[in-house]
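Visitor: Provided herewith: run.pdb, PDB, C-alpha atoms.
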```
MODEL        1
ATOM      1  CA  MET A 395     -18.893   6.012   5.457
ATOM      2  CA  ASN A 396     -16.676   2.921   5.632
ATOM      3  CA  ALA A 397     -13.990   1.357   3.446
ATOM      4  CA  VAL A 398     -12.964  -1.690   1.459
ATOM      5  CA  ILE A 399      -9.308  -2.706   1.389
ATOM      6  CA  LEU A 400      -8.334  -4.942  -1.519
ATOM      7  CA  ALA A 401      -5.759  -7.334  -0.073
ATOM      8  CA  GLY A 402      -6.071 -10.566  -2.039
ATOM      9  CA  GLY A 403      -3.387 -10.285  -4.724
ATOM     10  CA  PHE A 404      -0.390 -12.572  -5.194
ATOM     11  CA  GLY A 405       2.225  -9.816  -5.443
ATOM     12  CA  SER A 406       3.846 -11.785  -8.260
ATOM     13  CA  ARG A 407       6.050  -8.894  -9.416
ATOM     14  CA  LEU A 408       7.636  -8.858  -5.944
ATOM     15  CA  GLN A 409       8.576 -12.532  -5.821
ATOM     16  CA  PRO A 410      10.486 -13.987  -4.029
ATOM     17  CA  LEU A 411       9.584 -11.431  -1.316
ATOM     18  CA  THR A 412       5.969 -12.653  -1.387
ATOM     19  CA  ASP A 413       6.658 -16.390  -1.517
ATOM     20  CA  THR A 414       5.908 -16.854   2.180
ATOM     21  CA  VAL A 415       4.021 -13.682   3.133
ATOM     22  CA  PRO A 416       1.183 -11.823   1.378
ATOM     23  CA  LYS A 417       2.188  -8.458  -0.048
ATOM     24  CA  PRO A 418       0.002  -6.410   2.381
ATOM     25  CA  LEU A 419       2.042  -7.827   5.279
ATOM     26  CA  LEU A 420       5.480  -7.108   3.817
ATOM     27  CA  PRO A 421       7.173  -4.711   6.220
ATOM     28  CA  VAL A 422       7.763  -1.105   5.222
ATOM     29  CA  ALA A 423      10.106   0.476   7.764
ATOM     30  CA  ASN A 424       9.379  -2.611   9.905
ATOM     31  CA  VAL A 425       5.597  -2.052   9.820
ATOM     32  CA  PRO A 426       3.339  -4.187   7.554
ATOM     33  CA  MET A 427       2.337  -2.050   4.594
ATOM     34  CA  MET A 428      -1.359  -2.708   5.219
ATOM     35  CA  ASP A 429      -0.963  -0.836   8.505
ATOM     36  CA  TYR A 430      -0.437   2.383   6.571
ATOM     37  CA  SER A 431      -3.747   1.969   4.759
ATOM     38  CA  LEU A 432      -5.568   1.407   8.042
ATOM     39  CA  ALA A 433      -3.768   4.297   9.732
ATOM     40  CA  HIS A 434      -4.688   6.514   6.795
ATOM     41  CA  LEU A 435      -8.361   5.620   7.094
ATOM     42  CA  SER A 436      -8.321   6.025  10.862
ATOM     43  CA  ALA A 437      -6.814   9.506  10.573
ATOM     44  CA  PHE A 438      -9.930  10.520   8.634
ATOM     45  CA  GLY A 439     -12.280   8.894  11.136
ATOM     46  CA  ILE A 440     -12.882   5.560   9.372
ATOM     47  CA  ARG A 441     -12.390   2.429  11.506
ATOM     48  CA  ASN A 442     -14.987   0.150   9.934
ATOM     49  CA  VAL A 443     -13.368  -1.789   7.106
ATOM     50  CA  VAL A 444     -13.950  -4.789   4.872
ATOM     51  CA  LEU A 445     -10.907  -6.719   3.650
ATOM     52  CA  THR A 446     -11.189  -8.793   0.489
ATOM     53  CA  LEU A 447      -8.692 -11.631   0.760
ATOM     54  CA  GLY A 448      -7.266 -14.462  -1.290
ATOM     55  CA  TYR A 449      -3.559 -15.339  -1.186
ATOM     56  CA  LYS A 450      -2.497 -16.391   2.332
ATOM     57  CA  ALA A 451      -5.673 -14.918   3.785
ATOM     58  CA  GLU A 452      -5.144 -16.592   7.146
ATOM     59  CA  GLN A 453      -2.017 -14.521   7.806
ATOM     60  CA  ILE A 454      -3.860 -11.252   7.190
ATOM     61  CA  ILE A 455      -6.802 -12.310   9.367
ATOM     62  CA  GLU A 456      -4.481 -13.240  12.226
ATOM     63  CA  TRP A 457      -2.620  -9.932  12.003
ATOM     64  CA  THR A 458      -5.846  -7.917  11.848
ATOM     65  CA  THR A 459      -7.066  -9.432  15.116
ATOM     66  CA  GLY A 460      -4.246  -7.550  16.818
ATOM     67  CA  TYR A 461      -5.721  -4.077  16.204
ATOM     68  CA  ARG A 462      -7.612  -2.103  18.799
ATOM     69  CA  SER A 463     -10.709  -0.036  17.956
ATOM     70  CA  LEU A 464     -11.022  -1.517  14.466
ATOM     71  CA  VAL A 465     -14.252  -3.096  13.228
ATOM     72  CA  SER A 466     -13.208  -5.497  10.483
ATOM     73  CA  HIS A 467     -14.993  -7.913   8.184
ATOM     74  CA  PHE A 468     -13.309 -10.467   5.940
ATOM     75  CA  LEU A 469     -14.348 -11.748   2.542
ATOM     76  CA  ILE A 470     -12.234 -14.663   1.326
ATOM     77  CA  GLU A 471     -12.372 -15.289  -2.410
ATOM     78  CA  ASP A 472     -11.857 -18.963  -3.243
ATOM     79  CA  VAL A 473     -11.839 -17.878  -6.879
ATOM     80  CA  PRO A 474     -10.494 -14.374  -7.608
ATOM     81  CA  LEU A 475     -13.409 -12.045  -8.386
ATOM     82  CA  GLY A 476     -11.416  -9.052  -9.587
ATOM     83  CA  THR A 477     -11.350  -5.654  -7.922
ATOM     84  CA  ALA A 478     -15.000  -4.737  -8.561
ATOM     85  CA  GLY A 479     -16.279  -8.288  -8.156
ATOM     86  CA  GLY A 480     -14.725  -8.546  -4.705
ATOM     87  CA  VAL A 481     -16.301  -5.261  -3.620
ATOM     88  CA  LYS A 482     -19.662  -6.432  -4.972
ATOM     89  CA  ALA A 483     -19.408  -9.591  -2.857
ATOM     90  CA  ALA A 484     -18.822  -7.394   0.197
ATOM     91  CA  GLN A 485     -21.764  -5.077  -0.466
ATOM     92  CA  ASN A 486     -23.777  -6.224   2.555
ATOM     93  CA  PHE A 487     -21.113  -4.693   4.805
ATOM     94  CA  LEU A 488     -20.923  -1.377   2.956
ATOM     95  CA  ASP A 489     -22.463   2.014   3.645
ATOM     96  CA  ASP A 490     -24.262   4.060   1.008
ATOM     97  CA  ARG A 491     -20.927   5.741   0.236
ATOM     98  CA  PHE A 492     -17.529   4.112   0.778
ATOM     99  CA  ILE A 493     -13.819   4.262  -0.018
ATOM    100  CA  VAL A 494     -11.943   1.564  -1.922
ATOM    101  CA  LEU A 495      -8.176   1.349  -1.627
ATOM    102  CA  SER A 496      -5.370  -1.128  -1.930
ATOM    103  CA  GLY A 497      -3.810  -2.817   1.060
ATOM    104  CA  ASP A 498      -0.526  -3.128  -0.812
ATOM    105  CA  ALA A 499       0.114   0.472  -1.865
ATOM    106  CA  LEU A 500       1.450   3.505  -0.040
ATOM    107  CA  GLU A 501      -0.095   6.948  -0.460
ATOM    108  CA  ASN A 502      -1.239   9.992   1.487
ATOM    109  CA  VAL A 503      -4.344  11.068  -0.435
ATOM    110  CA  ASP A 504      -6.401  13.728   1.353
ATOM    111  CA  PHE A 505      -9.658  11.814   1.800
ATOM    112  CA  ASP A 506     -11.517  14.892   3.053
ATOM    113  CA  ALA A 507     -10.666  16.876  -0.077
ATOM    114  CA  MET A 508     -11.422  13.884  -2.285
ATOM    115  CA  LEU A 509     -14.798  13.407  -0.594
ATOM    116  CA  ARG A 510     -15.705  17.074  -1.114
ATOM    117  CA  ASN A 511     -14.775  16.721  -4.774
ATOM    118  CA  HIS A 512     -16.881  13.573  -5.068
ATOM    119  CA  VAL A 513     -19.972  15.076  -3.426
ATOM    120  CA  GLN A 514     -19.769  18.235  -5.534
ATOM    121  CA  SER A 515     -19.447  16.252  -8.751
ATOM    122  CA  GLY A 516     -22.542  14.132  -8.099
ATOM    123  CA  LYS A 517     -20.911  11.170  -9.877
ATOM    124  CA  LEU A 518     -21.249   7.508  -9.005
ATOM    125  CA  ALA A 519     -17.484   7.189  -8.642
ATOM    126  CA  THR A 520     -14.410   9.344  -8.118
ATOM    127  CA  MET A 521     -10.889   8.117  -8.875
ATOM    128  CA  ALA A 522      -7.709   9.531  -7.359
ATOM    129  CA  VAL A 523      -5.122  10.231 -10.071
ATOM    130  CA  THR A 524      -1.516  11.325  -9.896
ATOM    131  CA  ARG A 525       1.281  12.167 -12.319
ATOM    132  CA  VAL A 526       4.091   9.695 -13.026
ATOM    133  CA  ALA A 527       6.993   9.750 -15.439
ATOM    134  CA  ASP A 528       6.526   6.195 -16.757
ATOM    135  CA  PRO A 529       2.874   5.064 -16.846
ATOM    136  CA  ARG A 530       3.315   1.749 -18.646
ATOM    137  CA  GLN A 531       2.483  -0.356 -15.554
ATOM    138  CA  PHE A 532      -0.589   1.701 -14.668
ATOM    139  CA  GLY A 533      -3.880   2.972 -16.064
ATOM    140  CA  VAL A 534      -3.468   6.251 -17.968
ATOM    141  CA  VAL A 535      -6.397   8.587 -17.318
ATOM    142  CA  GLU A 536      -7.637  11.365 -19.587
ATOM    143  CA  TYR A 537     -10.281  13.806 -18.381
ATOM    144  CA  ASP A 538     -11.853  17.088 -19.400
ATOM    145  CA  GLU A 539     -11.647  20.497 -17.738
ATOM    146  CA  SER A 540     -14.562  19.677 -15.452
ATOM    147  CA  GLY A 541     -12.783  16.584 -14.085
ATOM    148  CA  VAL A 542     -14.890  13.975 -15.886
ATOM    149  CA  VAL A 543     -12.948  10.978 -17.229
ATOM    150  CA  ILE A 544     -13.136  10.616 -21.004
ATOM    151  CA  ALA A 545     -10.618   7.773 -21.505
ATOM    152  CA  LEU A 546      -8.800   5.133 -19.464
ATOM    153  CA  THR A 547      -6.009   3.088 -21.045
ATOM    154  CA  GLU A 548      -4.796   0.188 -18.938
ATOM    155  CA  LYS A 549      -1.019  -0.437 -19.030
ATOM    156  CA  PRO A 550      -0.195   1.153 -22.398
ATOM    157  CA  PRO A 551       2.544  -0.905 -24.107
ATOM    158  CA  SER A 552       4.324   2.240 -25.279
ATOM    159  CA  PHE A 553       4.387   5.836 -24.154
ATOM    160  CA  THR A 554       5.836   9.053 -25.504
ATOM    161  CA  GLY A 555       5.942  12.187 -23.405
ATOM    162  CA  ASP A 556       7.348  13.483 -20.157
ATOM    163  CA  SER A 557       4.606  12.152 -17.852
ATOM    164  CA  ALA A 558       0.964  11.117 -17.598
ATOM    165  CA  MET A 559      -1.860  11.052 -15.075
ATOM    166  CA  VAL A 560      -2.533   7.541 -13.796
ATOM    167  CA  ASN A 561      -5.079   5.715 -11.674
ATOM    168  CA  CYS A 562      -3.963   5.468  -8.012
ATOM    169  CA  GLY A 563      -6.402   2.649  -7.217
ATOM    170  CA  VAL A 564      -8.136   4.827  -4.619
ATOM    171  CA  TYR A 565     -11.868   5.361  -5.227
ATOM    172  CA  ILE A 566     -14.917   6.824  -3.554
ATOM    173  CA  LEU A 567     -18.092   5.134  -4.742
ATOM    174  CA  GLU A 568     -21.800   5.385  -4.195
ATOM    175  CA  ARG A 569     -23.391   2.079  -3.280
ATOM    176  CA  ALA A 570     -25.573   2.471  -6.375
ATOM    177  CA  ALA A 571     -22.423   2.015  -8.504
ATOM    178  CA  LEU A 572     -22.417  -1.680  -7.623
ATOM    179  CA  ARG A 573     -25.678  -2.243  -9.503
ATOM    180  CA  ASN A 574     -23.514  -2.388 -12.623
ATOM    181  CA  VAL A 575     -21.380  -5.229 -11.215
ATOM    182  CA  PRO A 576     -22.592  -8.823 -11.729
ATOM    183  CA  ASN A 577     -22.630 -11.279  -8.831
ATOM    184  CA  GLY A 578     -20.097 -14.051  -8.447
ATOM    185  CA  ILE A 579     -17.979 -13.581 -11.569
ATOM    186  CA  PRO A 580     -14.619 -11.847 -12.099
ATOM    187  CA  PHE A 581     -15.164  -8.141 -12.772
ATOM    188  CA  ASP A 582     -12.586  -5.368 -12.689
ATOM    189  CA  PHE A 583     -12.968  -1.657 -11.993
ATOM    190  CA  SER A 584     -10.614  -0.432 -14.724
ATOM    191  CA  ARG A 585     -11.365  -2.993 -17.436
ATOM    192  CA  ASP A 586     -15.069  -3.618 -16.901
ATOM    193  CA  LEU A 587     -16.905  -1.129 -14.693
ATOM    194  CA  PHE A 588     -15.240   2.194 -15.384
ATOM    195  CA  PRO A 589     -15.625   2.001 -19.181
ATOM    196  CA  GLN A 590     -19.398   1.905 -18.550
ATOM    197  CA  PHE A 591     -19.138   4.938 -16.275
ATOM    198  CA  ILE A 592     -16.977   6.819 -18.783
ATOM    199  CA  LYS A 593     -19.608   6.247 -21.450
ATOM    200  CA  ASP A 594     -22.288   7.636 -19.117
ATOM    201  CA  GLY A 595     -20.159  10.486 -17.747
ATOM    202  CA  GLN A 596     -20.261   9.019 -14.229
ATOM    203  CA  LEU A 597     -16.547   8.833 -13.375
ATOM    204  CA  GLY A 598     -14.799  11.870 -11.924
ATOM    205  CA  VAL A 599     -11.206  12.469 -10.845
ATOM    206  CA  TYR A 600      -9.452  13.869  -7.824
ATOM    207  CA  GLU A 601      -5.914  15.084  -8.540
ATOM    208  CA  HIS A 602      -3.492  13.877  -5.868
ATOM    209  CA  ASP A 603      -0.194  15.762  -5.774
ATOM    210  CA  GLY A 604       1.353  13.949  -2.794
ATOM    211  CA  TYR A 605       3.094  10.597  -2.500
ATOM    212  CA  TRP A 606       1.879   7.409  -4.163
ATOM    213  CA  SER A 607       3.531   4.077  -4.938
ATOM    214  CA  ASP A 608       2.039   0.670  -5.655
ATOM    215  CA  LEU A 609       5.256  -0.982  -4.348
ATOM    216  CA  GLY A 610       4.943  -3.387  -7.262
ATOM    217  CA  THR A 611       8.654  -3.946  -7.913
ATOM    218  CA  PRO A 612      11.676  -4.555  -5.664
ATOM    219  CA  ASN A 613      12.981  -1.075  -6.523
ATOM    220  CA  ALA A 614       9.681   0.579  -5.572
ATOM    221  CA  TYR A 615       9.486  -1.478  -2.387
ATOM    222  CA  PHE A 616      13.042  -0.544  -1.446
ATOM    223  CA  ASP A 617      12.443   3.172  -2.075
ATOM    224  CA  ALA A 618       9.189   3.185  -0.090
ATOM    225  CA  ASN A 619      10.890   1.763   3.000
ATOM    226  CA  PHE A 620      13.237   4.718   3.194
ATOM    227  CA  ARG A 621      10.623   7.233   2.038
ATOM    228  CA  VAL A 622       8.460   6.419   5.062
ATOM    229  CA  LEU A 623      11.281   7.424   7.371
ATOM    230  CA  ARG A 624      11.341  10.888   5.813
ATOM    231  CA  GLY A 625       7.809  11.515   7.110
ATOM    232  CA  GLY A 626       4.480  12.504   5.629
ATOM    233  CA  PHE A 627       2.465   9.437   6.636
ATOM    234  CA  PHE A 628       0.050   8.528   9.392
ATOM    235  CA  ALA A 629       1.139   6.845  12.613
ATOM    236  CA  PRO A 630       0.194   3.135  12.538
ATOM    237  CA  LEU A 631      -2.649   1.927  14.713
ATOM    238  CA  PHE A 632      -1.736  -0.071  17.782
ATOM    239  CA  ASN A 633      -1.324  -3.757  16.994
ATOM    240  CA  ARG A 634      -0.404  -6.172  19.758
ATOM    241  CA  TYR A 635       1.675  -8.283  17.338
ATOM    242  CA  ARG A 636       3.915  -5.454  16.132
ATOM    243  CA  ASP A 637       7.527  -5.212  17.229
ATOM    244  CA  ILE A 638       9.060  -1.931  18.308
ATOM    245  CA  SER A 639      12.098  -0.670  16.418
ATOM    246  CA  HIS A 640      14.823   1.791  17.313
ATOM    247  CA  PHE A 641      17.527   3.764  15.554
ATOM    248  CA  PHE A 642      20.994   2.317  15.827
ATOM    249  CA  GLY A 643      24.218   4.211  15.156
ATOM    250  CA  GLN A 644      25.140   7.869  14.806
ATOM    251  CA  GLU A 645      26.742   8.828  11.478
ATOM    252  CA  ASN A 646      24.446   6.818   9.169
ATOM    253  CA  PRO A 647      21.839   5.348  11.542
ATOM    254  CA  SER A 648      19.903   2.150  10.896
ATOM    255  CA  LEU A 649      16.368   1.218  11.876
ATOM    256  CA  VAL A 650      16.488  -2.048  13.819
ATOM    257  CA  SER A 651      13.746  -4.142  15.378
ATOM    258  CA  TYR A 652      14.263  -4.837  19.076
ATOM    259  CA  SER A 653      13.795  -8.537  18.321
ATOM    260  CA  ALA A 654      16.623  -8.511  15.748
ATOM    261  CA  THR A 655      20.218  -9.405  16.577
ATOM    262  CA  VAL A 656      23.040  -7.345  15.081
ATOM    263  CA  THR A 657      26.604  -8.482  15.681
ATOM    264  CA  GLY A 658      28.025  -7.286  12.362
ATOM    265  CA  HIS A 659      28.431  -3.791  10.886
ATOM    266  CA  ILE A 660      25.414  -1.913   9.470
ATOM    267  CA  GLU A 661      25.057   1.572   7.998
ATOM    268  CA  GLY A 662      21.758   3.122   6.866
ATOM    269  CA  CYS A 663      19.919  -0.221   6.948
ATOM    270  CA  ILE A 664      16.468  -1.424   7.964
ATOM    271  CA  VAL A 665      16.583  -4.675   9.936
ATOM    272  CA  ALA A 666      13.234  -6.382  10.599
ATOM    273  CA  GLN A 667      11.963  -8.549  13.421
ATOM    274  CA  ASN A 668      13.891 -11.697  14.354
ATOM    275  CA  ALA A 669      16.509 -10.984  11.687
ATOM    276  CA  PHE A 670      20.168 -11.754  12.393
ATOM    277  CA  VAL A 671      23.169  -9.830  11.087
ATOM    278  CA  ALA A 672      26.100 -12.149  11.635
ATOM    279  CA  SER A 673      29.471 -11.246  13.058
ATOM    280  CA  GLY A 674      31.755 -10.239  10.207
ATOM    281  CA  ALA A 675      28.850  -9.074   8.020
ATOM    282  CA  SER A 676      28.992  -5.570   6.558
ATOM    283  CA  LEU A 677      25.720  -4.080   5.279
ATOM    284  CA  HIS A 678      25.372  -0.675   3.642
ATOM    285  CA  GLU A 679      21.868   0.676   2.923
ATOM    286  CA  CYS A 680      20.159  -2.712   2.877
ATOM    287  CA  ILE A 681      16.803  -4.088   3.999
ATOM    288  CA  VAL A 682      16.938  -7.303   6.016
ATOM    289  CA  LEU A 683      13.526  -8.981   6.013
ATOM    290  CA  PRO A 684      11.955 -10.793   8.999
ATOM    291  CA  ASP A 685      13.748 -13.951  10.140
ATOM    292  CA  ALA A 686      16.506 -13.523   7.548
ATOM    293  CA  ILE A 687      20.189 -14.145   8.267
ATOM    294  CA  ALA A 688      22.628 -11.666   6.705
ATOM    295  CA  GLU A 689      26.224 -12.707   6.202
ATOM    296  CA  GLY A 690      29.044 -11.273   4.119
ATOM    297  CA  ARG A 691      29.160  -7.865   2.437
ATOM    298  CA  HIS A 692      26.044  -6.291   0.890
ATOM    299  CA  SER A 693      25.160  -2.863  -0.445
ATOM    300  CA  CYS A 694      21.729  -1.687  -1.658
ATOM    301  CA  GLU A 695      20.117  -5.114  -1.424
ATOM    302  CA  ILE A 696      16.943  -6.671  -0.053
ATOM    303  CA  ILE A 697      17.996  -9.699   1.982
ATOM    304  CA  GLY A 698      15.530 -12.516   2.642
ATOM    305  CA  GLY A 699      15.672 -16.035   3.973
ATOM    306  CA  ASP A 700      17.345 -17.495   0.890
ATOM    307  CA  PHE A 701      17.922 -14.559  -1.455
ATOM    308  CA  ALA A 702      19.558 -11.152  -1.773
ATOM    309  CA  LEU A 703      18.099  -8.858  -4.440
ATOM    310  CA  SER A 704      20.143  -5.934  -5.728
ATOM    311  CA  VAL A 705      18.237  -2.712  -6.366
ATOM    312  CA  GLN A 706      19.129   0.135  -8.669
ATOM    313  CA  SER A 707      18.155   3.167  -6.636
ATOM    314  CA  LEU A 708      19.941   4.568  -3.619
ATOM    315  CA  PRO A 709      17.919   5.425  -0.512
ATOM    316  CA  PRO A 710      18.088   8.860   1.108
ATOM    317  CA  PRO A 711      19.788   9.034   4.509
ATOM    318  CA  ILE A 712      17.603   7.738   7.335
ATOM    319  CA  LYS A 713      16.176  10.519   9.493
ATOM    320  CA  THR A 714      15.789   9.624  13.152
ATOM    321  CA  ARG A 715      12.338  10.672  14.293
ATOM    322  CA  ASN A 716       9.506   9.455  16.500
ATOM    323  CA  PHE A 717       6.299   7.803  15.397
ATOM    324  CA  ALA A 718       4.298   4.787  16.501
ATOM    325  CA  GLY A 719       6.359   1.618  16.201
ATOM    326  CA  ILE A 720       9.719   3.423  16.311
ATOM    327  CA  ARG A 721      11.701   4.805  19.196
ATOM    328  CA  THR A 722      14.785   6.925  18.794
ATOM    329  CA  ASN A 723      17.719   5.763  20.865
ATOM    330  CA  THR A 724      18.831   8.044  23.691
TER     331      THR A 724
ENDMDL
END
```
Would you write the structure of this file as structure tokens?

Guide:
Amino acid sequence: MNAVILAGGFGSRLQPLTDTVPKPLLPVANVPMMDYSLAHLSAFGIRNVVLTLGYKAEQIIEWTTGYRSLVSHFLIEDVPLGTAGGVKAAQNFLDDRFIVLSGDALENVDFDAMLRNHVQSGKLATMAVTRVADPRQFGVVEYDESGVVIALTEKPPSFTGDSAMVNCGVYILERAALRNVPNGIPFDFSRDLFPQFIKDGQLGVYEHDGYWSDLGTPNAYFDANFRVLRGGFFAPLFNRYRDISHFFGQENPSLVSYSATVTGHIEGCIVAQNAFVASGASLHECIVLPDAIAEGRHSCEIIGGDFALSVQSLPPPIKTRNFAGIRTNT
């Protein structure tokens, strides 16, 4: 069994963060978010992956060459083919059963449990679903007591209720499922393929009760950076291009790349590679992106090369701990 990682989107809801870097390479706790997808797959024994690429594909290809023990194939879409269309174009690289997931989301789905669910169901496809309070940016999934999807509503304009089950964008598919996908034209899982499967009773669900975020907004991106430091994720694979970070400070420690320069005051921040916090600057619970220069006073902001975005949510305190890519200071 191998995997497809969908990594070709523009990340338009995250602009200006994605103006110069594709969303899968945006750092989360100073590690490109795509690394977490690959680490997740590797933890379950999958190191043969296909990446479907579009926006700034060359950056992702260059980064991927830095991994050890990873067999990777790249499919560059000159014209976007949609989620299912891109997987169809990659079918020559795929096993008879494979996982599809996003390179720009963060989750800790139990692939072993999901696979058991999929095999037992005998369906062509299984979708991971999870409960969220506000589903308006996602696909709302309804299913019967046996776990068979009966309805899928993409981005409902209005919603009443406390919560809903939504599509995580993580699928296990049989290769035979791609027979329903046309060649060379845009085709989407949620809008085009899955409605066919729902009609035929061929789409099952796996209920995921752990963490999931599509990191689609600055607030979600900000929260995910600090959520990673609380644990529950898989250690990133070795990549020869990745910087090492360390924890800096005692009372409210910050995570700082060794290639960053900090001459100002920081508390509870994440400072990425080659960033510079100027003398006289005072940062409280901020994220400083790669190569950015931070000056002045900032609190709860994402600071880039020529912008500083305020976010609404407050991060939890950073917990100093060890995992690949981070060293605690001694």

Visitor: Here's a test: counting all atoms listed in the file, identify every protein, DNA and RNA residue with an atom at most 12 Å from (14.8, -1.7, 18.5) in the file's coordinate frame, and state them as a ChimeraX atom specification.

Guide: /A:423-424,636-643,648-656,664-669,719-724

Visitor: Expressed in Å to a single decimal, how great is the separation between atom CA of Leu677 of chain A and atom CA of Ser704 of chain A?

Guide: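 Those two atoms sit 12.5 Å apart.
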
Visitor: Using all atoms listed in the file, find each residue in segment 435-477 of chain A having at least one atom no more than 10 Å away from segment 505-511 of chain A; report its shortest atom-to-atom pair and that distance in Å (one decimal), rows by chain then rising number, as JSON lines.

Guide:
```
{"residue": "A:Leu435", "atom": "CA", "partner": "A:Phe505", "partner_atom": "CA", "distance": 8.3}
{"residue": "A:Ala437", "atom": "CA", "partner": "A:Phe505", "partner_atom": "CA", "distance": 9.5}
{"residue": "A:Phe438", "atom": "CA", "partner": "A:Phe505", "partner_atom": "CA", "distance": 7.0}
```

Visitor: So how far away is atom CA of Asn577 of chain A from atom CA of Leu475 of chain A, in Å?

Guide: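 These atoms are spaced 9.3 Å apart.
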
Visitor: Report the closest atom pair, with its distance in Å rounded to one decimal, for each residue of segment 686-706 of chain A that has an atom no farther than 9 Å from segment 600-613 of chain A; count all atoms listed in the file, sort by chain and then rising residue number, and write it as CSV.

Guide:
```
residue,atom,partner,partner_atom,distance
A:Ile696,CA,A:Pro612,CA,8.0
A:Leu703,CA,A:Pro612,CA,7.8
A:Ser704,CA,A:Pro612,CA,8.6
A:Val705,CA,A:Asn613,CA,5.5
A:Gln706,CA,A:Asn613,CA,6.6
```

Visitor: Could you list, as a PyMOL selection string, every residue matched by the PyMOL selection byres ((chain A and resi 455-470) around 8) in this structure?

Guide: chain A and resi 441-448+451-454+471-472+480+483-484+487+631-635

Visitor: When the PyMOL selection byres ((chain A and resi 516) around 12) is applied to the structure above, which residues does it catch, written out as a list in words?

Guide: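 This file gives the following for the PyMOL selection byres ((chain A and resi 516) around 12): Arg491, Leu509, Arg510, Asn511, His512, Val513, Gln514, Ser515, Lys517, Leu518, Ala519, Thr520, Gly541, Val542, Ile566, Leu567, Glu568, Gly595, Gln596, Leu597, Gly598 and Val599 of chain A.
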
Visitor: When distances are computed from all atoms listed in the file, which of A:Lys450, A:Lys549, A:Arg691, A:His434 shows the smallest separation from Leu495 of chain A?

Guide: A:His434
